[in-house]
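What follows is a short report on a single structure.
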Amino acid sequence: MKAIMVTAPGKIDIIEKDLPKIQSENEILVRIKAVGICGSDMHIYHGTNPLATYPRVIGHEFVGEVVETGAGVTRVKAGDRVTIEPILYCGECYACRTERQNVCEKLEVMGVHRDGGFQEFVVVPEKNAHKFDEHLDWEEAVMIEPFTIAAQSTWRGDVRKGDYVFIMGAGPIGLCLLQYAKHKGAICMISDLDIDRLEIAKKLGADYILHAGQMDVVEEVLKITQGMGANVTLDAVCIPKTFEQAVEVTSVAGRVVVLGFGVAPSQIPQLPITKRELTIVGSRLQNNKFPEVVELFNKKALNPRALISHTFQFDQIEEAIKLIETQSEKTCKVILKF
Ligand SMILES: NC(=O)c1ccc[n+]([C@@H]2O[C@H](COP(=O)([O-])OP(=O)(O)OC[C@H]3O[C@@H](n4cnc5c(N)ncnc54)[C@H](O)[C@@H]3O)[C@@H](O)[C@H]2O)c1
Ligand SMILES: [Zn+2]
Ligand SMILES: [Zn+2]
């Protein structure tokens, strides 16, 4: 079978691999149908993800059809369409014992720490497979994983009906956050430097779009909320400055959700945090969020299509990467079909 492998930073190849085999009775063999290219796949390709090891079959946004099941498998059967939850954890550390497996001390992410979904077949534990309805097509189902990130972040930020929510960045993640926060009944403001992305946000129901290159977004959010600030600020730009702005713009008793993996420090004073009793939380991947997102997809309660800008066949990976690198403003989610 074929697999897309980053053999070393900057080098990507389509390689020939043996078909994986079911090794234990709770595993399943899945034929991959479609995968999403994520910013973090690009970081692994560029050698800028400190967690990744090489050579690596990348990809953590992947869906496919179950072809074979181990003797102990009960939840899925051959022919089922599944999305794969890409995390593996120890089950014993503090995080795992307190139902926060996504930050397990020994966490392994498929496509980062071990081989992922950019290959024709994978073997995974059945608990990592989540079945979705037949009426969803493969491409839209790829978006289940990015939406689980939004389910997690809006949960971490305790987004409630009627809250003013400020989403910084209208990339694929920001646009998923927007849809999720709208689904929870929030009034949403979203910023970006790119007008095309803001237009997509507008179509997806953003109540206010803010062009960060043409205005002071902190002032604008204060104006919109009549001086209160955002009750929840979700930072999907993830640079030192946006974290600073997030703390500045969040209301009394508000929540700031941090999603970035950057190591550059921000300058954040203590006063606003104490005075307004802000809750500042990190949000990493997701924790038990696949079932709720699959249900929303099955019910067509979200609009994943709007985020898909391009689809390629998997052997056009180089073309897809070139497009993302040279015309990033024209791409949103790029999908590879197998
Ligand atoms: N914590 C997690 O679980 C998790 C998961 C996925 C992604 N992420 C992170 O989320 C971030 C967003 O991911 P993405 O795929 O949407 O990235 P992206 O790069 O496609 O989107 C970022 C957007 O921010 C905009 N932007 C840049 N500077 C800005 C500014 N000053 N103000 C407003 N907008 C600005 C860009 O124009 C772009 O549209 C990344 O940093 C990624 O690493 C975190
Ligand atoms: Zn991703
Ligand atoms: Zn653990």
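Starting from 1 in every chain, residues are counted up; chains themselves are A, B, ... following the order of the structure tokens, and ligands are numbered from 1 as listed.
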With only C-alpha atoms as the counted atoms, please give the residues lying no more than 8 Å from segment 125-142 of chain A, apart from itself and same-chain residues fewer than 6 positions off, as an NGL selection string.
:A and (26-28 or 33-36 or 61-64 or 73 or 75-76 or 80-87 or 290-291 or 294-295 or 297-298 or 304-305 or 308 or 335 or 337)
Hey, which bits of chain A sit within 7 Å of ligand 2, and for each residue what's the closest pair of atoms and how far apart in Å (one decimal), counting only C-alpha atoms and all ligand atoms, rows by chain and increasing number, as CSV?
```
residue,atom,partner,partner_atom_place_in_ligand_line,distance
A:Cys38,CA,ligand 2,1 (Zn),4.4
A:Gly39,CA,ligand 2,1 (Zn),6.5
A:Ser40,CA,ligand 2,1 (Zn),6.1
A:His60,CA,ligand 2,1 (Zn),6.3
A:Glu61,CA,ligand 2,1 (Zn),6.1
A:Pro146,CA,ligand 2,1 (Zn),5.8
```
Within 6 Å of ligand 1, counting only C-alpha atoms and all ligand atoms: which residues, as a list in words?
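Checked against 6 Å with only C-alpha atoms and all ligand atoms; the hits are Gly39, Ile149, Met168, Gly169, Ala170, Gly171, Pro172, Ile173, Gly174, Ser191, Asp192, Leu193, Asp194, Ala212, Ala236, Val237, Cys238, Leu259, Gly260, Phe261, Ser283, Arg284 and Leu285 of chain A.
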Which of these residues is nearest to Leu222 of chain A, using only C-alpha atoms: A:Thr250, A:Lys289, A:Leu307, A:Gln179?
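Among the listed residues, A:Thr250 lies closest to Leu222 of chain A.
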Select from segment 210-254 of chain A everything DSSP, run on the backbone, classes as alpha helix (DSSP H), then give the selection as a PyMOL selection string.
chain A and resi 217-224+240-249
Output C-alpha atoms of each residue in that selection to a file, as an mmCIF file, in the first residue's frame.
```cif
data_model
loop_
_atom_site.group_PDB
_atom_site.id
_atom_site.type_symbol
_atom_site.label_atom_id
_atom_site.label_comp_id
_atom_site.auth_asym_id
_atom_site.auth_seq_id
_atom_site.Cartn_x
_atom_site.Cartn_y
_atom_site.Cartn_z
ATOM 1 C CA VAL A 217 -9.636 45.302 17.690
ATOM 2 C CA VAL A 218 -9.556 45.912 21.457
ATOM 3 C CA GLU A 219 -11.228 49.300 21.022
ATOM 4 C CA GLU A 220 -13.718 47.831 18.572
ATOM 5 C CA VAL A 221 -14.751 44.982 20.890
ATOM 6 C CA LEU A 222 -15.181 47.461 23.756
ATOM 7 C CA LYS A 223 -17.316 49.625 21.486
ATOM 8 C CA ILE A 224 -19.514 46.719 20.374
ATOM 9 C CA PRO A 240 2.341 36.921 21.750
ATOM 10 C CA LYS A 241 0.394 40.062 20.864
ATOM 11 C CA THR A 242 -3.003 38.371 20.509
ATOM 12 C CA PHE A 243 -2.630 36.757 23.937
ATOM 13 C CA GLU A 244 -1.938 40.233 25.364
ATOM 14 C CA GLN A 245 -4.963 41.672 23.535
ATOM 15 C CA ALA A 246 -7.119 38.768 24.734
ATOM 16 C CA VAL A 247 -6.393 39.557 28.386
ATOM 17 C CA GLU A 248 -6.953 43.258 27.737
ATOM 18 C CA VAL A 249 -10.302 42.814 25.995
#
```
Using DSSP on the backbone coordinates, identify the residues of segment 82-241 of chain A assigned to strand (DSSP E or B); present them as a PyMOL selection string.
chain A and resi 82-84+87-88+108-110+114+119+121-125+129-131+164-168+187-192+208-211+230-235
Kindly compile the residues surrounding ligand 3 within 8 Å, counting only C-alpha atoms and all ligand atoms, and format them as an NGL selection string.
:A and (89-97 or 101 or 103-107)
With distances taken over only C-alpha atoms, which residue among A:Trp155, A:Phe118, A:Tyr208, A:Tyr164 lies nearest Phe338 of chain A?
A:Phe118
Counting only C-alpha atoms, figure out which residue out of A:Met143, A:Val159, A:Val112, A:Val334 gets nearest to Pro50 of chain A.
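Counting only C-alpha atoms, the residue closest to Pro50 of chain A is A:Val112.
Among the candidate residues A:Gly205, A:Pro20, A:Pro55, A:Gly72, the one lying nearest to Val124 of chain A is A:Pro20, with distances computed using only C-alpha atoms.
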Neighbours of segment 312-324 of chain A within 12 Å (only C-alpha atoms; same-chain residues fewer than 3 positions away dropped), as number ranges by chain?
A: 2-6, 10-15, 32-39, 41-43, 45-46, 58-59, 117-120, 139, 308-309, 327-338
